[in-house]
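Only one structure is covered here, and it is reproduced in the block below.
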Amino acid sequence: MTLNTIAIQNLLRRKGKAMLILVGLVLGIGTVITVISFSDAVTGDINHKLEKYGANILIVPRTENLSLSYGGIQMGGISFDMQELRETDLEAVKHIKNYRNIAAMGPMALGAVRVNDRPVMLAGVDFEEARILKPWWKMEGRQPEANAILAGAEAARVLNIAVGDTLEIAGNAVPVSGLLKPTGSQDDQLLFVTLPTAQALLGMPGQVSMVEVAALCTACPIEEMVQQISDALPGAKVMAIQQVVKGRMETLAQFKKLSFGVSVIIILIGSLVVLVTMTGSVRERKAEIGVFRAIGFRQRHVMRIILMEATLISIGAGVVGYLASMGATRLALMLFADNPHVVVPWNMALAAGALGMSLVVGVTASIYPALTAARMDPNDALRAL
Amino acid sequence: MSTMIGEHLTKHYGRGEAVVSAIEDMNFVIESGEFVAVMGESGAGKSTLLSIMGAMNAPSAGTLTVEGIDVYSLGQEQRADFRREFLGFVFQSFHLIAYLTLEENVMLPLATIRMPRRRKLAMAREALASVGLDGKGKRLPHQISGGESERTAIARAIVNQPPIILADEPTGNLDSRTSREVMLLLQRLKNDGTTVVMVTHSLACAGYADRVMQMADGRLAAPPKAATVPAQAA
């Protein structure tokens, strides 16, 4: 027989009160964990969808270039000492700290060629990476393989070309395998070929003109990645497309803020449930506490019994709350998410968080009732003597 | 050796004109191993006196000395230690803890003491056996009779062998046959050297005591005198 025995036996043999507190805590903790799990799952889903916004970092050769364009009117430019960016240099990017945050990296070789006596921009791209970088592309025909062309909508119109035509570029006959639907971007003006084809046609073997990068940055500041890539490619200028990045981050941050706000309110309600129930329980046990004090229990002994009960209930509520929240999250995703197939993995960190949160809420809310119990005058509590 | 000495004990409740005197300038000496019955009308101050003796109700004036210790010079927590070491309580309505078995109830005074569980259990079983409840330790309070509840309360009071037992109307809820059994138990404790102070309304129960402290209006009504032990208790 120890103080812990008293706490355990009270919980086991007076299940009603214990269940009431447990249910209150489970509802609080379960809801918070559900909100967090749901938020994480939906954030992951949103993040996945945000990838479709395309590239958010540009890598170009370092140059002392003064751009002479304004409002779409190109006046040419003056370049001094332009650094060369080679395809092999890009290997260095694979070793940066946040490489796993890079969803796609698409090198491009750009150059002007003449087709049907008209100057036109030829772009060499990696079409597999382009699927991620330019998810809005829709094409007629098929994706080009080596020595074939995908023509932008405006370029096709101006050059009057169709799928199956053959164009002569720098003395080479190159078939048109597909046409891009209008995108509203500069891509409409270009002729796309594979990167090696462009490098060969433009006479720039191994070189790239720019690299587009799509970075996922829910967990990393994009500026840091820009710095990491700059350090890895000293001959390159690396720029973040701020609007896209900030938009992504703000969307996610707002979602998290809402989740956090809801969680705080629910935790407060859970704490109140525990506080009220424990205080009621202490009042009901007044005579019992009087007996404890009369037979020589110190104040801290009485406190320990009450807090031990709160601890045991909180541990139970943490475990049950986490398990219930996993089920609730799956249900919520089925009911409210656009994509009901989002995976909700068992998360040990979240389980530990649920347990910790339950203990903090349960024990903290029980401190006042425990103090009230401990400070009871044994004579007042008993009335029998 | 004198076990308990009360000197000029006074207890007032309330303030100013609303003050009520429960005990007024009371002096007494209870010797070690004595069985004393405290009697008096309702409101005479018996329960207040017992709570002062039980180190749970500080007097407004006067001192209570037990085994040479000035009880109310101790701090609140030291008084809790004092109660655990020196006093055993038997309450009128038993006050057994409903969710604990009889064994666990009897072990309660040992709960805060560092001692192997087996030793505590052995002490509890020994105490239960001494009050005739051998083999009933696993029962819950609602599964036993009133007499058995009172005997369990006595077992709880004696489990750590305190020198003094304070009993408040221990037979108040019992029939005459069970009352007699309880009185014989208390008398046996007295014979084993334990000091017993019992508040009672019953003259029959008071007859088992060595002497009676008669109270009226918060004072001793007559000098303590030796009580006549009934023939059936001898």
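Each chain of the structure tokens is named A, B, ... in the order shown, its residues numbered from 1; ligands are numbered from 1 in display order.
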
Using only C-alpha atoms and a cut-off of 10 Å, which residues of chain A sit close to chain B? Please list them as an MDAnalysis selection string. chainID A and resid 1:6 9:14 285 287:301 377:380 382:385

Name all residues at most 9 Å from region 188-191 of chain B (count only C-alpha atoms; drop same-chain ones fewer than 6 positions away) and give them as a list of chain:residue names.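 My list of contacting residues is B:Gly33, B:Glu34, B:Phe35, B:Ile158, B:Ile165.
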
Find the spatial neighbours of Glu309 (chain A), counting only C-alpha atoms, within a cut-off of 7 Å - ignore same-chain residues fewer than 2 positions away - and output them as a CSV table (one decimal) with C-alpha atoms, in the first residue's frame.
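Everything below was put into around.csv:
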chain,number,residue,atom,x,y,z
A,7,ALA,CA,-4.7,6.7,-6.7
A,8,ILE,CA,-4.9,3.5,-8.9
A,11,LEU,CA,-9.5,5.1,-10.6
A,305,ILE,CA,-2.6,11.2,-4.8
A,306,ILE,CA,-4.7,13.7,-6.8
A,307,LEU,CA,-1.9,14.5,-9.2
A,311,THR,CA,-1.3,11.7,-14.5
A,312,LEU,CA,-2.7,8.2,-15.1
A,313,ILE,CA,-5.9,9.6,-16.7

Region 32-222 of chain A: which residues are alpha helix (DSSP H) by DSSP, as a PyMOL selection string? chain A and resi 32-50+127-133+153-159+195-202+222

With C-alpha atoms retained, write the just-selected residues as a CSV table (one decimal), in the first residue's frame.
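After the write, again17.csv holds the following:
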chain,number,residue,atom,x,y,z
A,32,VAL,CA,-6.1,19.0,-31.6
A,33,ILE,CA,-4.2,16.0,-33.0
A,34,THR,CA,-6.9,15.6,-35.7
A,35,VAL,CA,-6.5,19.3,-36.6
A,36,ILE,CA,-2.7,19.0,-36.7
A,37,SER,CA,-2.8,15.7,-38.7
A,38,PHE,CA,-5.5,17.0,-41.0
A,39,SER,CA,-3.5,20.3,-41.5
A,40,ASP,CA,-0.3,18.3,-42.2
A,41,ALA,CA,-2.0,16.0,-44.6
A,42,VAL,CA,-3.8,18.9,-46.4
A,43,THR,CA,-0.6,21.0,-46.3
A,44,GLY,CA,1.2,18.1,-48.0
A,45,ASP,CA,-1.5,17.9,-50.6
A,46,ILE,CA,-1.5,21.7,-51.1
A,47,ASN,CA,2.3,21.6,-51.4
A,48,HIS,CA,2.0,18.9,-54.0
A,49,LYS,CA,-0.5,21.0,-55.9
A,50,LEU,CA,1.7,24.1,-55.5
A,127,PHE,CA,11.2,17.2,-71.5
A,128,GLU,CA,10.9,15.0,-68.5
A,129,GLU,CA,11.8,17.8,-66.1
A,130,ALA,CA,9.6,20.2,-68.1
A,131,ARG,CA,6.6,18.1,-67.2
A,132,ILE,CA,7.1,19.2,-63.6
A,133,LEU,CA,8.4,22.7,-64.4
A,153,ALA,CA,1.6,28.2,-80.5
A,154,GLU,CA,2.6,31.6,-81.8
A,155,ALA,CA,5.7,30.3,-83.5
A,156,ALA,CA,3.7,27.7,-85.3
A,157,ARG,CA,1.2,30.3,-86.4
A,158,VAL,CA,3.9,32.8,-87.7
A,159,LEU,CA,6.0,30.1,-89.3
A,195,LEU,CA,18.8,19.7,-74.9
A,196,PRO,CA,21.5,17.8,-76.8
A,197,THR,CA,19.8,18.6,-80.1
A,198,ALA,CA,19.7,22.3,-79.3
A,199,GLN,CA,23.3,22.3,-78.1
A,200,ALA,CA,24.3,20.6,-81.4
A,201,LEU,CA,22.2,23.0,-83.6
A,202,LEU,CA,23.4,26.1,-81.7
A,222,ILE,CA,14.0,29.8,-50.3

Shell around region 162-168 of chain A at 10 Å using only C-alpha atoms, local window under 6 positions removed, as number ranges by chain: A: 113-116, 140-142, 148-151, 156, 174-179

For each of B:Arg180, B:Met4, B:Tyr208, B:Ser202, take the minimum atom-to-atom distance to Gly40 (chain B), counting only C-alpha atoms, then give the residue where this is smallest. B:Ser202

Atomic separation - CA of Thr31 (chain A) relative to CA of Ile265 (chain A), Å: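 Computing it gives 10.7 Å between the two atoms.
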
So, counting only C-alpha atoms, which residue among A:Ala214, A:Met204, A:Leu233, A:Ala373 is closest to Gly111 (chain A)?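 Residue with the minimum atom-to-atom distance to Gly111 (chain A): A:Met204.
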
In terms of the shortest atom-to-atom distance over only C-alpha atoms, which of A:Arg100, A:Lys237, A:Arg330, A:Lys256 is closest to Ile59 (chain A)?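 The shortest atom-to-atom distance to Ile59 (chain A) comes from A:Lys237.
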
Residues within 9 Å of Asn27 (chain B), please, as a list in words. Count only C-alpha atoms; anything in the same chain fewer than 3 positions from it doesn't count.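 Contacts, in chain order: Ile5, Gly6, Glu7, His8, Leu9, Gly62, Arg219 and Leu220 of chain B.
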
Residue contacts of Val125 (chain A) (7 Å, only C-alpha atoms) excluding same-chain residues fewer than 3 positions away, as a compact mmCIF listing (two decimals) with N, CA and C atoms, in the first residue's frame:
# COMPACT_ATOMS: atom_id res chain seq x y z
N GLY A 106 15.53 22.01 -64.53
CA GLY A 106 15.52 21.90 -66.00
C GLY A 106 16.51 22.85 -66.67
N PRO A 107 17.64 22.32 -67.13
CA PRO A 107 18.58 23.18 -67.87
C PRO A 107 18.01 23.51 -69.25
N MET A 108 18.29 24.70 -69.75
CA MET A 108 17.82 25.13 -71.07
C MET A 108 19.00 25.70 -71.86
N ALA A 109 19.07 25.33 -73.14
CA ALA A 109 20.03 25.96 -74.05
C ALA A 109 19.21 26.83 -75.00
N PHE A 192 10.88 24.18 -79.39
CA PHE A 192 11.56 23.37 -78.38
C PHE A 192 12.11 22.09 -78.99
N VAL A 193 13.34 21.78 -78.61
CA VAL A 193 13.95 20.50 -78.99
C VAL A 193 14.60 19.95 -77.74
N THR A 194 15.13 18.71 -77.84
CA THR A 194 15.82 18.17 -76.67
C THR A 194 17.11 18.97 -76.47
N LEU A 195 17.60 18.91 -75.24
CA LEU A 195 18.77 19.71 -74.89
C LEU A 195 19.98 19.37 -75.77

Once DSSP has gone over the backbone, tell me which residues of region 74-158 of chain A are in strand (DSSP E or B), as a ChimeraX atom specification. /A:74-78,86,102-115,118-125,139-141,149-151

Okay, now the selection with C-alpha atoms, as a PDB file, in the first residue's frame?
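Listing of out.pdb after writing:
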ATOM      1  CA  GLN A  74      13.461  44.944 -76.289  1.00  0.00           C
ATOM      2  CA  MET A  75      16.264  47.334 -77.184  1.00  0.00           C
ATOM      3  CA  GLY A  76      19.082  44.826 -76.915  1.00  0.00           C
ATOM      4  CA  GLY A  77      21.669  44.684 -74.193  1.00  0.00           C
ATOM      5  CA  ILE A  78      25.314  45.171 -73.482  1.00  0.00           C
ATOM      6  CA  ARG A  86      28.117  24.110 -68.330  1.00  0.00           C
ATOM      7  CA  ILE A 102      14.256  20.410 -55.212  1.00  0.00           C
ATOM      8  CA  ALA A 103      11.353  18.867 -57.122  1.00  0.00           C
ATOM      9  CA  ALA A 104      12.774  19.460 -60.609  1.00  0.00           C
ATOM     10  CA  MET A 105      15.751  21.133 -62.260  1.00  0.00           C
ATOM     11  CA  GLY A 106      15.524  21.900 -66.003  1.00  0.00           C
ATOM     12  CA  PRO A 107      18.576  23.176 -67.872  1.00  0.00           C
ATOM     13  CA  MET A 108      17.825  25.127 -71.074  1.00  0.00           C
ATOM     14  CA  ALA A 109      20.027  25.960 -74.053  1.00  0.00           C
ATOM     15  CA  LEU A 110      18.707  29.045 -75.852  1.00  0.00           C
ATOM     16  CA  GLY A 111      19.750  30.545 -79.166  1.00  0.00           C
ATOM     17  CA  ALA A 112      18.398  32.219 -82.267  1.00  0.00           C
ATOM     18  CA  VAL A 113      18.061  30.269 -85.533  1.00  0.00           C
ATOM     19  CA  ARG A 114      16.524  31.067 -88.869  1.00  0.00           C
ATOM     20  CA  VAL A 115      13.506  29.060 -90.058  1.00  0.00           C
ATOM     21  CA  ARG A 118      12.606  34.242 -90.128  1.00  0.00           C
ATOM     22  CA  PRO A 119      14.607  34.519 -86.920  1.00  0.00           C
ATOM     23  CA  VAL A 120      13.167  32.402 -84.133  1.00  0.00           C
ATOM     24  CA  MET A 121      14.319  31.350 -80.690  1.00  0.00           C
ATOM     25  CA  LEU A 122      15.281  27.685 -80.314  1.00  0.00           C
ATOM     26  CA  ALA A 123      15.124  26.212 -76.815  1.00  0.00           C
ATOM     27  CA  GLY A 124      16.700  22.927 -75.793  1.00  0.00           C
ATOM     28  CA  VAL A 125      15.008  21.412 -72.742  1.00  0.00           C
ATOM     29  CA  MET A 139       0.347  19.645 -76.731  1.00  0.00           C
ATOM     30  CA  GLU A 140      -1.024  18.425 -79.987  1.00  0.00           C
ATOM     31  CA  GLY A 141       0.970  15.551 -81.456  1.00  0.00           C
ATOM     32  CA  ILE A 149      10.565  19.896 -82.661  1.00  0.00           C
ATOM     33  CA  LEU A 150       7.762  20.972 -80.338  1.00  0.00           C
ATOM     34  CA  ALA A 151       6.574  24.347 -81.613  1.00  0.00           C
TER      35      ALA A 151
END

For Thr171 (chain B), which residue among B:His142, B:Arg125, B:Arg211, B:His201 is the nearest when counting only C-alpha atoms?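 Ranking B:His142, B:Arg125, B:Arg211, B:His201 by distance to Thr171 (chain B), first place goes to B:His201.
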